[in-house]
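Worksheet for the structure shown next.
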Protein chains: 6
Amino acid sequence: MAQVVQNITRADQSVIDGLAECGVATVHEAQGRIGLLADYMRPIYSGARIAGSAVTILAPPCDNWMLHVAIEQLRAGDILVLGTTSPSNAGYFGDLLATSAMARGCKGLVIDAGVRDVRDLTEMGFPVWSKAVFAQGTIKETLGSVNVPVVCADALIYAGDVIVADDDGVCVVRSADAADVLAKSRAREANEAEKRARFEAGELGLDIYNMRERLAEKGLKYV
Amino acid sequence: MAQVVQNITRADQSVIDGLAECGVATVHEAQGRIGLLADYMRPIYSGARIAGSAVTILAPPCDNWMLHVAIEQLRAGDILVLGTTSPSNAGYFGDLLATSAMARGCKGLVIDAGVRDVRDLTEMGFPVWSKAVFAQGTIKETLGSVNVPVVCADALIYAGDVIVADDDGVCVVRSADAADVLAKSRAREANEAEKRARFEAGELGLDIYNMRERLAEKGLKYV
Amino acid sequence: MAQVVQNITRADQSVIDGLAECGVATVHEAQGRIGLLADYMRPIYSGARIAGSAVTILAPPCDNWMLHVAIEQLRAGDILVLGTTSPSNAGYFGDLLATSAMARGCKGLVIDAGVRDVRDLTEMGFPVWSKAVFAQGTIKETLGSVNVPVVCADALIYAGDVIVADDDGVCVVRSADAADVLAKSRAREANEAEKRARFEAGELGLDIYNMRERLAEKGLKYV
Amino acid sequence: MAQVVQNITRADQSVIDGLAECGVATVHEAQGRIGLLADYMRPIYSGARIAGSAVTILAPPCDNWMLHVAIEQLRAGDILVLGTTSPSNAGYFGDLLATSAMARGCKGLVIDAGVRDVRDLTEMGFPVWSKAVFAQGTIKETLGSVNVPVVCADALIYAGDVIVADDDGVCVVRSADAADVLAKSRAREANEAEKRARFEAGELGLDIYNMRERLAEKGLKYV
Amino acid sequence: MAQVVQNITRADQSVIDGLAECGVATVHEAQGRIGLLADYMRPIYSGARIAGSAVTILAPPCDNWMLHVAIEQLRAGDILVLGTTSPSNAGYFGDLLATSAMARGCKGLVIDAGVRDVRDLTEMGFPVWSKAVFAQGTIKETLGSVNVPVVCADALIYAGDVIVADDDGVCVVRSADAADVLAKSRAREANEAEKRARFEAGELGLDIYNMRERLAEKGLKYV
Amino acid sequence: MAQVVQNITRADQSVIDGLAECGVATVHEAQGRIGLLADYMRPIYSGARIAGSAVTILAPPCDNWMLHVAIEQLRAGDILVLGTTSPSNAGYFGDLLATSAMARGCKGLVIDAGVRDVRDLTEMGFPVWSKAVFAQGTIKETLGSVNVPVVCADALIYAGDVIVADDDGVCVVRSADAADVLAKSRAREANEAEKRARFEAGELGLDIYNMRERLAEKGLKYV
């Protein structure tokens, strides 16, 4: 059952880069409000905004062995994504693993468990979104799998999916949908820029979106 | 039942500004240790300290329609305060609504739900205290009310109440009590300045507050 | 039952300073993965890394009286450690107590409850690891004890134990073990430095730690 | 500030009894989906279904003094409702207070804190909805108020409001609205009885509520 | 995107019945410790032990429209399984829907959200495993899907998977694996029966499992 | 470091039995409101009330090996108490281990982690107080210790301490204090019986405890 899938399909790099520019909130809306990871996934430092192809890890609780296996599967631009077979807040990942991952071009980690050495990771500029910061060590006793589908923070993630992560959280986009989602995200951004200008000029959403009539129909009273 | 109350009574602006200077911990103590919102309300960035009159919103879960209605009711210096009729961590508010609110002079948002676009909000300098950061979108289907009393993070808030918010959390002061609470806050600050000097000089609270005798009476033993 | 133990055994200062340099994750590993406080203990600001001897406080819920008693027991370099007899998130500690503690050379506070005035504490450079930030005031009615063993955030802490705290959390080292743990921490650091160089050069953990054979024996398949 | 309001307006007893028969889910729907307390309020035993007029208590954290004051204000059929000024899970209430409350005809307790002696309370048939079961004792040092408005588990409750509680949780109905809400609850029950018969006969909600067309319009595809 | 998949593959009924007899803990072990839903999924009453084929529902937050759609897809012996696109504790399901589901032979509900009318459901003998008990109503505005893969309480569930649920929680078995997992579960039961007899006779696990030597090798000391 | 302490000092059996009769709330009060475990420790079924000497286990996360070691150390009347070195909700204990423990006269289990097979345990009449019910399996790879001091659910427990557990939770009494705590518990029970009779007769706590004057002094107003 324990396996490492070596060939995964990644989205086009320019598409991935475009999704990073759009950010989580826009991408999530553009693809129909799906793909968001749970809101307990928080960045270890503010300001990072990345996208990359998921190299997925299904790991036992309190056991980080599979991270070493997964790092060998990384290509430049990938993001490590770890789900567990049972909840754990142990610190699966620290500065040594980050050094190794960065040496292979890894852009960051999304982990439904704990992380440690966060001061070092911050200095190294290696962003992590995690459920916990916890120094508790892990063991290397039980196998898991790499590049199989994983549930991570309530979301189903396949290897090669595009992961977008920033201060709002983390969103997953299927690799086959990535180009389409990027196009919709760009359209959304254009639309928002126009709206932003109107809002800045003092127009109200009530008027921009023609809400007044529908509010009245539903029975809203001004007193 | 769904209604928008258009005329609300605000406290005097100089009183509001004074309360902002005093900050949450002082104001909370000065008014007799009441009015604090739950400690899960956290700022999206550190260092903001604001006060303003509450424009309140009672909103359905996962539905941000009433925010558009509320923004029209804002005057310069006001703070949006949103409670829900059922718990939700969805992202009711983002950079477009913030642009609209800022255009009307709004000073910030206190929301017993989620917020998104926090990197943009941080860059714009629009402070938010929320229960969650979550990119999940909301719908616009069900009415709520504006400027009715709302329960927000365990606290009862009336429209026009003064909201004080900083890194310690959020506190509400009834508008009719605001001047009195400011006076007590100022007195407290003066007293604390004097105490701080004595503490800096190495005096102990045991002596400054004459605690030794009462501790002995209660039975404290030194061994 | 309520008592203040006045003489406590502290570890050697140079050992304490060495442990601060090593940080929580390394110290925790070096002493056999024990002594970690629960991961809900978070710093009020990032970047602090301290170590010091514990002056322990066992306090009733919502009652901070014993903090005043404990401050008299501080020596330069000590860290205040507060556990409660029943859970509380009230704000036991603020800028006045911090001023008093700093005047006696205290390096920081570890509190299984709430803290307030965090903006002031940040400006003062007084680090705190706490369960909550909450402005809620406390009373001074019920005795507790100082320098007795306390359970703080799942860990048992004796007065004089060395507390190490940084962005990864908090770890306790028995004073009698401190020198030994420092030696092991230093050895671990040396080993990690060598490993880090190899990781930076692109070597894999699979090879550095000779994991491939054992993974195959356990049944890992590459597909 | 600390006060006991002695005269409160209660709803008609027959209305209260009717609301008890309808239960929480029906009453909550009938009054427009408002008035529900947070879902962490759980009964100490299953099967109780009560309604009564609220005698409200605003209590400090870990201090149950005001419960004694409130019991004097009880009339037969009332329900004690306790909110705190700061979160607490301490055990404010046990078998002695229950004996006293029952002697005055009290029907139950709704408490946004802890309760103890739950085995005795179960044997006595005194139902409690609480946030916690916890034996931790409380003190009697700080005043609170009785029959003032309280926030209890996210809901605003006035003295004399009708409290309805069963295995689904707790709901509050304003005393002035009680007769109207009962009428609507009864209508709802009648409607549900008719619907239940149709469901039992195998009809589908899709047909009973004419949903198929609207689902198709919104774009639902059968594959 | 919103769709109803009408043809799903179910496991053999005798296999499903066998898995129900084995229960969650045994099935979970027998299939290699995978497939468990999160431990916050609790039964509304004790003692139920069921298995059935999953009819899956992906529903928006606070919107139970798709439950009506799903009920039409039920065959006798099926279990409804609902995951949401964003967290919700609203009460999606009550006695009317249960009546409808039972009329089609449905055995129970597994819902990563709230349920209400639990006293009625208990009396009807319709078991539910849920994240919350909450009377809060839902709306019928937004489409979801039926019989698509859903993430429910951390587990990925496909339509037609076998759901096993009892007082220990909920476990999912892929339909294609069900016969094999049943065989392993039966073998496990046989082995446990033999072990149980030896334990009852006073033998120790240390001897039954030959643990003493390995414990000594690892360094366990008896003092 | 991993060790099994074989000789522990137990309190007198008649004292232990007396403490069981008094129950958690009374014992906790009688010993000065200390010794309570966290309120998240809940019984798997209602109505059990036990006391016994603690055989303590310090176990790694998700690893139940030490339970087998501990069972050999049990004497009739003992209670197993398990704390972990890092948080875990895995199911460390099920019906086979319960069979083995019961064969040695064990009265129950208190575990700061998960338990499974709860339907079987209920039928067997083996009471458990736990943090979670979860079928997730554990491994047997890492040593822990038996009969060393453990922190279990916020409380420090020594081997041989008396554990009292019922529907209110769990309380620990040092073995050396047990006789004294029993005497105080009995006195408390006698006092409560007298008070209960007065409460039943309709007397108020305000009068029984002479509270009226002190309330007035503190400033309570009746309006």
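Identifiers for the structure tokens are assigned positionally: chains receive A, B, ... in sequence, residues are indexed from 1 per chain, and ligands are indexed from 1 in the order shown.
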Test item: residues at most 7 Å from region 74-85 of chain F, only C-alpha atoms, excluding those fewer than 4 positions along its chain, as number ranges by chain: C: 34; F: 52-61, 70, 104-112, 150-152
Near Ile163 (chain D), counting only C-alpha atoms, which residues have an atom at most 6 Å away, once you skip same-chain residues fewer than 3 positions from it, shown as a PyMOL selection string? chain D and resi 51-52+171-172
For the selection just defined, write its residues with N, CA, C and O atoms to a file, as a tab-separated table (two decimals), in the first residue's frame.
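The result, stored in result00.tsv:
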chain	number	residue	atom	x	y	z
D	51	ALA	N	-39.87	24.77	29.51
D	51	ALA	CA	-39.91	26.20	29.21
D	51	ALA	C	-40.24	26.92	30.52
D	51	ALA	O	-40.88	26.35	31.41
D	52	GLY	N	-39.78	28.16	30.62
D	52	GLY	CA	-40.04	28.94	31.83
D	52	GLY	C	-39.55	30.35	31.64
D	52	GLY	O	-38.89	30.67	30.64
D	171	CYS	N	-33.37	28.04	23.42
D	171	CYS	CA	-33.84	29.16	22.61
D	171	CYS	C	-34.55	30.16	23.52
D	171	CYS	O	-35.21	29.77	24.49
D	172	VAL	N	-34.40	31.45	23.22
D	172	VAL	CA	-35.05	32.49	24.02
D	172	VAL	C	-36.12	33.18	23.17
D	172	VAL	O	-35.92	33.47	22.00
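Closest to chain C among B:Ala153, B:Leu206, B:Ala216, B:Leu19 is B:Leu206, based on only C-alpha atoms.
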Identify every residue of chain F that has at least one atom within 8 Å of any atom of chain A, counting only C-alpha atoms, and report the result as a list in words.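 Output check: Pro61, Cys62, Ser86, Pro87, Ser88, Asn89, Ala90, Gln136 and Glu141 of chain F.
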Can those selected residues be exported to a file as a short mmCIF file (atom, residue, chain, number, x, y, z; two decimals), in the first residue's frame so that it contains N, CA and C atoms?
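Listing of again.cif after writing:
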data_model
loop_
_atom_site.label_atom_id
_atom_site.label_comp_id
_atom_site.auth_asym_id
_atom_site.auth_seq_id
_atom_site.Cartn_x
_atom_site.Cartn_y
_atom_site.Cartn_z
N PRO F 61 3.33 9.73 22.17
CA PRO F 61 2.11 9.93 21.39
C PRO F 61 1.85 8.74 20.46
N CYS F 62 0.62 8.28 20.42
CA CYS F 62 0.20 7.24 19.47
C CYS F 62 0.92 5.92 19.69
N SER F 86 3.41 13.95 24.49
CA SER F 86 2.97 14.93 23.49
C SER F 86 1.50 14.61 23.22
N PRO F 87 0.68 15.62 22.93
CA PRO F 87 -0.75 15.36 22.83
C PRO F 87 -1.10 14.31 21.78
N SER F 88 -2.05 13.47 22.10
CA SER F 88 -2.53 12.45 21.16
C SER F 88 -3.98 12.14 21.48
N ASN F 89 -4.79 11.95 20.46
CA ASN F 89 -6.15 11.48 20.68
C ASN F 89 -6.34 10.05 20.17
N ALA F 90 -5.25 9.38 19.86
CA ALA F 90 -5.36 8.01 19.35
C ALA F 90 -6.01 7.10 20.39
N GLN F 136 -8.69 5.15 16.16
CA GLN F 136 -7.33 5.16 15.58
C GLN F 136 -6.37 4.27 16.37
N GLU F 141 6.46 1.03 19.60
CA GLU F 141 7.82 1.25 19.13
C GLU F 141 8.71 1.97 20.14
#
Chain B onto chain D, all Cα, least squares, as a JSON list (two decimals) with C-alpha atoms, in the first residue's frame:
[["chain", "number", "residue", "atom", "x", "y", "z"],
["B", 1, "MET", "CA", -23.96, 49.18, 39.30],
["B", 2, "ALA", "CA", -24.62, 45.83, 41.01],
["B", 3, "GLN", "CA", -28.37, 45.51, 41.31],
["B", 4, "VAL", "CA", -31.29, 43.15, 41.73],
["B", 5, "VAL", "CA", -34.35, 43.93, 39.69],
["B", 6, "GLN", "CA", -37.29, 42.58, 41.64],
["B", 7, "ASN", "CA", -40.23, 43.07, 39.35],
["B", 8, "ILE", "CA", -40.08, 41.37, 36.03],
["B", 9, "THR", "CA", -42.76, 40.75, 33.46],
["B", 10, "ARG", "CA", -43.45, 37.12, 32.71],
["B", 11, "ALA", "CA", -45.38, 35.66, 29.80],
["B", 12, "ASP", "CA", -48.65, 33.88, 30.38],
["B", 13, "GLN", "CA", -48.17, 30.42, 31.92],
["B", 14, "SER", "CA", -50.32, 28.66, 29.33],
["B", 15, "VAL", "CA", -48.21, 30.21, 26.59],
["B", 16, "ILE", "CA", -45.04, 29.09, 28.31],
["B", 17, "ASP", "CA", -46.39, 25.56, 28.63],
["B", 18, "GLY", "CA", -47.31, 25.55, 24.97],
["B", 19, "LEU", "CA", -43.84, 26.57, 23.96],
["B", 20, "ALA", "CA", -42.39, 23.73, 26.03],
["B", 21, "GLU", "CA", -44.53, 21.27, 24.11],
["B", 22, "CYS", "CA", -43.32, 22.63, 20.77],
["B", 23, "GLY", "CA", -39.63, 22.37, 21.61],
["B", 24, "VAL", "CA", -36.59, 24.31, 20.58],
["B", 25, "ALA", "CA", -36.34, 23.55, 16.87],
["B", 26, "THR", "CA", -39.96, 24.42, 16.16],
["B", 27, "VAL", "CA", -39.99, 27.57, 18.29],
["B", 28, "HIS", "CA", -36.73, 28.76, 16.77],
["B", 29, "GLU", "CA", -38.15, 28.37, 13.25],
["B", 30, "ALA", "CA", -41.51, 29.87, 14.17],
["B", 31, "GLN", "CA", -39.97, 33.08, 15.45],
["B", 32, "GLY", "CA", -37.84, 33.63, 12.37],
["B", 33, "ARG", "CA", -34.68, 31.73, 13.25],
["B", 34, "ILE", "CA", -33.51, 33.99, 16.03],
["B", 35, "GLY", "CA", -32.88, 33.45, 19.71],
["B", 36, "LEU", "CA", -30.77, 30.33, 19.68],
["B", 37, "LEU", "CA", -27.98, 29.92, 22.23],
["B", 38, "ALA", "CA", -24.61, 28.58, 21.07],
["B", 39, "ASP", "CA", -24.43, 24.88, 20.32],
["B", 40, "TYR", "CA", -21.88, 24.26, 23.07],
["B", 41, "MET", "CA", -24.73, 24.46, 25.57],
["B", 42, "ARG", "CA", -25.52, 20.81, 26.24],
["B", 43, "PRO", "CA", -27.96, 19.14, 28.64],
["B", 44, "ILE", "CA", -26.52, 17.12, 31.52],
["B", 45, "TYR", "CA", -28.99, 14.34, 30.69],
["B", 46, "SER", "CA", -31.15, 13.49, 27.68],
["B", 47, "GLY", "CA", -34.88, 13.79, 27.35],
["B", 48, "ALA", "CA", -35.77, 16.93, 29.33],
["B", 49, "ARG", "CA", -37.93, 19.51, 27.52],
["B", 50, "ILE", "CA", -38.86, 22.59, 29.53],
["B", 51, "ALA", "CA", -39.92, 26.20, 29.22],
["B", 52, "GLY", "CA", -40.04, 28.94, 31.83],
["B", 53, "SER", "CA", -39.46, 32.61, 32.54],
["B", 54, "ALA", "CA", -35.84, 33.69, 32.80],
["B", 55, "VAL", "CA", -34.47, 34.96, 36.09],
["B", 56, "THR", "CA", -31.17, 36.27, 34.79],
["B", 57, "ILE", "CA", -27.82, 36.44, 36.55],
["B", 58, "LEU", "CA", -24.75, 38.35, 35.47],
["B", 59, "ALA", "CA", -21.88, 36.81, 37.43],
["B", 60, "PRO", "CA", -18.14, 37.40, 37.70],
["B", 61, "PRO", "CA", -15.82, 34.59, 36.60],
["B", 62, "CYS", "CA", -15.49, 31.76, 39.15],
["B", 63, "ASP", "CA", -17.86, 33.47, 41.60],
["B", 64, "ASN", "CA", -21.33, 32.08, 42.27],
["B", 65, "TRP", "CA", -22.50, 34.49, 44.96],
["B", 66, "MET", "CA", -25.26, 35.95, 42.84],
["B", 67, "LEU", "CA", -26.94, 32.56, 42.45],
["B", 68, "HIS", "CA", -28.00, 32.77, 46.08],
["B", 69, "VAL", "CA", -29.37, 36.23, 45.46],
["B", 70, "ALA", "CA", -31.22, 35.10, 42.35],
["B", 71, "ILE", "CA", -32.91, 32.14, 43.98],
["B", 72, "GLU", "CA", -34.86, 34.50, 46.23],
["B", 73, "GLN", "CA", -36.30, 36.10, 43.08],
["B", 74, "LEU", "CA", -37.62, 32.82, 41.67],
["B", 75, "ARG", "CA", -41.29, 32.08, 41.25],
["B", 76, "ALA", "CA", -42.67, 28.64, 40.48],
["B", 77, "GLY", "CA", -41.97, 27.79, 36.86],
["B", 78, "ASP", "CA", -38.97, 30.05, 36.41],
["B", 79, "ILE", "CA", -35.63, 29.09, 34.88],
["B", 80, "LEU", "CA", -32.28, 30.41, 36.12],
["B", 81, "VAL", "CA", -30.11, 31.86, 33.33],
["B", 82, "LEU", "CA", -26.50, 32.73, 34.11],
["B", 83, "GLY", "CA", -24.04, 34.66, 31.96],
["B", 84, "THR", "CA", -20.56, 35.69, 33.09],
["B", 85, "THR", "CA", -18.59, 38.91, 32.73],
["B", 86, "SER", "CA", -15.58, 36.86, 31.62],
["B", 87, "PRO", "CA", -15.43, 33.25, 30.45],
["B", 88, "SER", "CA", -15.37, 30.58, 33.15],
["B", 89, "ASN", "CA", -15.92, 26.85, 33.21],
["B", 90, "ALA", "CA", -15.95, 26.60, 36.99],
["B", 91, "GLY", "CA", -18.73, 24.62, 38.67],
["B", 92, "TYR", "CA", -21.07, 27.39, 39.85],
["B", 93, "PHE", "CA", -23.97, 25.13, 40.71],
["B", 94, "GLY", "CA", -24.48, 21.78, 42.45],
["B", 95, "ASP", "CA", -27.00, 19.72, 44.35],
["B", 96, "LEU", "CA", -27.49, 22.11, 47.30],
["B", 97, "LEU", "CA", -28.34, 25.06, 45.10],
["B", 98, "ALA", "CA", -30.58, 22.79, 43.06],
["B", 99, "THR", "CA", -32.39, 21.73, 46.21],
["B", 100, "SER", "CA", -32.94, 25.36, 47.07],
["B", 101, "ALA", "CA", -34.08, 26.27, 43.58],
["B", 102, "MET", "CA", -36.47, 23.31, 43.39],
["B", 103, "ALA", "CA", -37.96, 24.27, 46.72],
["B", 104, "ARG", "CA", -39.05, 27.49, 45.05],
["B", 105, "GLY", "CA", -40.44, 25.77, 41.99],
["B", 106, "CYS", "CA", -37.52, 26.40, 39.64],
["B", 107, "LYS", "CA", -37.65, 24.24, 36.52],
["B", 108, "GLY", "CA", -34.03, 24.25, 35.48],
["B", 109, "LEU", "CA", -30.78, 26.11, 34.87],
["B", 110, "VAL", "CA", -29.13, 27.48, 31.73],
["B", 111, "ILE", "CA", -25.53, 28.44, 32.51],
["B", 112, "ASP", "CA", -22.73, 29.72, 30.28],
["B", 113, "ALA", "CA", -20.19, 28.14, 32.64],
["B", 114, "GLY", "CA", -19.78, 24.85, 34.52],
["B", 115, "VAL", "CA", -22.01, 22.72, 36.74],
["B", 116, "ARG", "CA", -21.21, 19.88, 39.16],
["B", 117, "ASP", "CA", -22.91, 17.09, 41.12],
["B", 118, "VAL", "CA", -24.47, 16.05, 37.83],
["B", 119, "ARG", "CA", -25.27, 12.56, 39.04],
["B", 120, "ASP", "CA", -27.28, 14.02, 41.91],
["B", 121, "LEU", "CA", -28.95, 16.56, 39.64],
["B", 122, "THR", "CA", -29.91, 13.77, 37.27],
["B", 123, "GLU", "CA", -31.43, 11.73, 40.10],
["B", 124, "MET", "CA", -33.29, 14.81, 41.33],
["B", 125, "GLY", "CA", -34.63, 15.45, 37.82],
["B", 126, "PHE", "CA", -33.27, 18.98, 37.77],
["B", 127, "PRO", "CA", -32.21, 19.68, 34.18],
["B", 128, "VAL", "CA", -29.22, 21.87, 33.38],
["B", 129, "TRP", "CA", -27.84, 23.13, 30.08],
["B", 130, "SER", "CA", -24.22, 24.17, 30.52],
["B", 131, "LYS", "CA", -20.93, 24.87, 28.77],
["B", 132, "ALA", "CA", -19.03, 22.45, 30.98],
["B", 133, "VAL", "CA", -19.27, 19.83, 33.69],
["B", 134, "PHE", "CA", -16.52, 20.68, 36.14],
["B", 135, "ALA", "CA", -16.19, 20.15, 39.89],
["B", 136, "GLN", "CA", -14.00, 23.26, 40.34],
["B", 137, "GLY", "CA", -15.37, 25.39, 43.19],
["B", 138, "THR", "CA", -16.25, 29.06, 43.05],
["B", 139, "ILE", "CA", -15.86, 31.91, 45.51],
["B", 140, "LYS", "CA", -18.27, 34.53, 46.88],
["B", 141, "GLU", "CA", -16.34, 37.81, 46.71],
["B", 142, "THR", "CA", -17.57, 39.98, 43.88],
["B", 143, "LEU", "CA", -21.04, 41.31, 43.22],
["B", 144, "GLY", "CA", -22.94, 40.83, 39.99],
["B", 145, "SER", "CA", -26.53, 41.59, 39.09],
["B", 146, "VAL", "CA", -29.85, 39.79, 38.92],
["B", 147, "ASN", "CA", -32.58, 40.32, 36.34],
["B", 148, "VAL", "CA", -30.52, 42.65, 34.16],
["B", 149, "PRO", "CA", -30.03, 41.80, 30.46],
["B", 150, "VAL", "CA", -27.31, 39.19, 30.04],
["B", 151, "VAL", "CA", -25.43, 37.70, 27.12],
["B", 152, "CYS", "CA", -25.52, 33.94, 27.60],
["B", 153, "ALA", "CA", -23.87, 31.69, 25.03],
["B", 154, "ASP", "CA", -24.09, 34.32, 22.26],
["B", 155, "ALA", "CA", -27.75, 35.22, 22.96],
["B", 156, "LEU", "CA", -29.13, 38.35, 24.61],
["B", 157, "ILE", "CA", -31.61, 37.44, 27.34],
["B", 158, "TYR", "CA", -33.86, 39.79, 29.32],
["B", 159, "ALA", "CA", -35.41, 38.86, 32.63],
["B", 160, "GLY", "CA", -38.85, 37.44, 32.00],
["B", 161, "ASP", "CA", -38.03, 36.16, 28.54],
["B", 162, "VAL", "CA", -39.29, 32.67, 27.87],
["B", 163, "ILE", "CA", -36.55, 30.08, 27.78],
["B", 164, "VAL", "CA", -37.23, 26.87, 25.87],
["B", 165, "ALA", "CA", -34.73, 24.04, 26.28],
["B", 166, "ASP", "CA", -34.51, 20.43, 25.16],
["B", 167, "ASP", "CA", -32.01, 18.00, 23.64],
["B", 168, "ASP", "CA", -31.50, 20.34, 20.66],
["B", 169, "GLY", "CA", -30.27, 23.17, 22.89],
["B", 170, "VAL", "CA", -31.77, 26.38, 24.20],
["B", 171, "CYS", "CA", -33.85, 29.15, 22.61],
["B", 172, "VAL", "CA", -35.04, 32.46, 24.01],
["B", 173, "VAL", "CA", -38.37, 34.14, 23.17],
["B", 174, "ARG", "CA", -39.13, 37.71, 24.24],
["B", 175, "SER", "CA", -42.05, 37.68, 26.67],
["B", 176, "ALA", "CA", -44.01, 40.16, 24.54],
["B", 177, "ASP", "CA", -43.64, 37.90, 21.50],
["B", 178, "ALA", "CA", -44.40, 34.65, 23.27],
["B", 179, "ALA", "CA", -48.09, 34.34, 22.41],
["B", 180, "ASP", "CA", -47.45, 35.16, 18.78],
["B", 181, "VAL", "CA", -44.54, 32.73, 18.58],
["B", 182, "LEU", "CA", -46.67, 30.01, 20.16],
["B", 183, "ALA", "CA", -49.38, 30.53, 17.55],
["B", 184, "LYS", "CA", -46.82, 30.29, 14.77],
["B", 185, "SER", "CA", -45.27, 27.22, 16.39],
["B", 186, "ARG", "CA", -48.62, 25.50, 16.57],
["B", 187, "ALA", "CA", -49.28, 26.30, 12.92],
["B", 188, "ARG", "CA", -45.88, 24.94, 12.06],
["B", 189, "GLU", "CA", -46.58, 21.75, 13.97],
["B", 190, "ALA", "CA", -49.84, 21.23, 12.14],
["B", 191, "ASN", "CA", -48.12, 21.75, 8.83],
["B", 192, "GLU", "CA", -45.34, 19.37, 9.79],
["B", 193, "ALA", "CA", -47.81, 16.68, 10.81],
["B", 194, "GLU", "CA", -49.34, 16.81, 7.37],
["B", 195, "LYS", "CA", -45.92, 16.76, 5.72],
["B", 196, "ARG", "CA", -44.79, 13.89, 7.91],
["B", 197, "ALA", "CA", -47.67, 11.76, 6.72],
["B", 198, "ARG", "CA", -46.75, 12.41, 3.11],
["B", 199, "PHE", "CA", -43.08, 11.64, 3.75],
["B", 200, "GLU", "CA", -44.05, 8.42, 5.52],
["B", 201, "ALA", "CA", -46.06, 7.48, 2.47],
["B", 202, "GLY", "CA", -42.92, 7.78, 0.38],
["B", 203, "GLU", "CA", -43.45, 11.15, -1.28],
["B", 204, "LEU", "CA", -40.27, 13.11, -1.85],
["B", 205, "GLY", "CA", -39.46, 16.61, -0.68],
["B", 206, "LEU", "CA", -38.55, 17.34, -4.29],
["B", 207, "ASP", "CA", -42.24, 16.93, -5.13],
["B", 208, "ILE", "CA", -43.89, 18.07, -1.91],
["B", 209, "TYR", "CA", -42.00, 21.38, -2.11],
["B", 210, "ASN", "CA", -41.97, 21.61, -5.94],
["B", 211, "MET", "CA", -38.20, 21.88, -6.07],
["B", 212, "ARG", "CA", -37.45, 20.18, -9.37],
["B", 213, "GLU", "CA", -37.99, 23.16, -11.62],
["B", 214, "ARG", "CA", -35.97, 25.59, -9.55],
["B", 215, "LEU", "CA", -33.12, 23.09, -9.25],
["B", 216, "ALA", "CA", -33.05, 22.76, -13.03],
["B", 217, "GLU", "CA", -33.11, 26.52, -13.48],
["B", 218, "LYS", "CA", -30.13, 26.87, -11.17],
["B", 219, "GLY", "CA", -28.31, 24.36, -13.35],
["B", 220, "LEU", "CA", -28.35, 21.03, -11.52],
["B", 221, "LYS", "CA", -27.44, 18.21, -13.90],
["B", 222, "TYR", "CA", -28.32, 14.54, -13.52],
["B", 223, "VAL", "CA", -25.63, 12.29, -14.95]]
Can you check which residues of region 12-178 of chain B DSSP gives as strand (DSSP E) on the backbone and send them as a PyMOL selection string? chain B and resi 42-43+50-59+79-84+108-115+128-133+145-146+150-152+155-157+162-166+169-173
What parts of region 34-200 of chain E does DSSP call alpha helix (DSSP H)? I'd like the answer as JSON, numbers by chain. {"E": [65, 66, 67, 68, 69, 70, 71, 72, 95, 96, 97, 98, 99, 100, 101, 102, 103, 118, 119, 120, 121, 122, 123, 124, 178, 179, 180, 181, 182, 183, 184, 185, 186, 187, 188, 189, 190, 191, 192, 193, 194, 195, 196, 197, 198, 199, 200]}
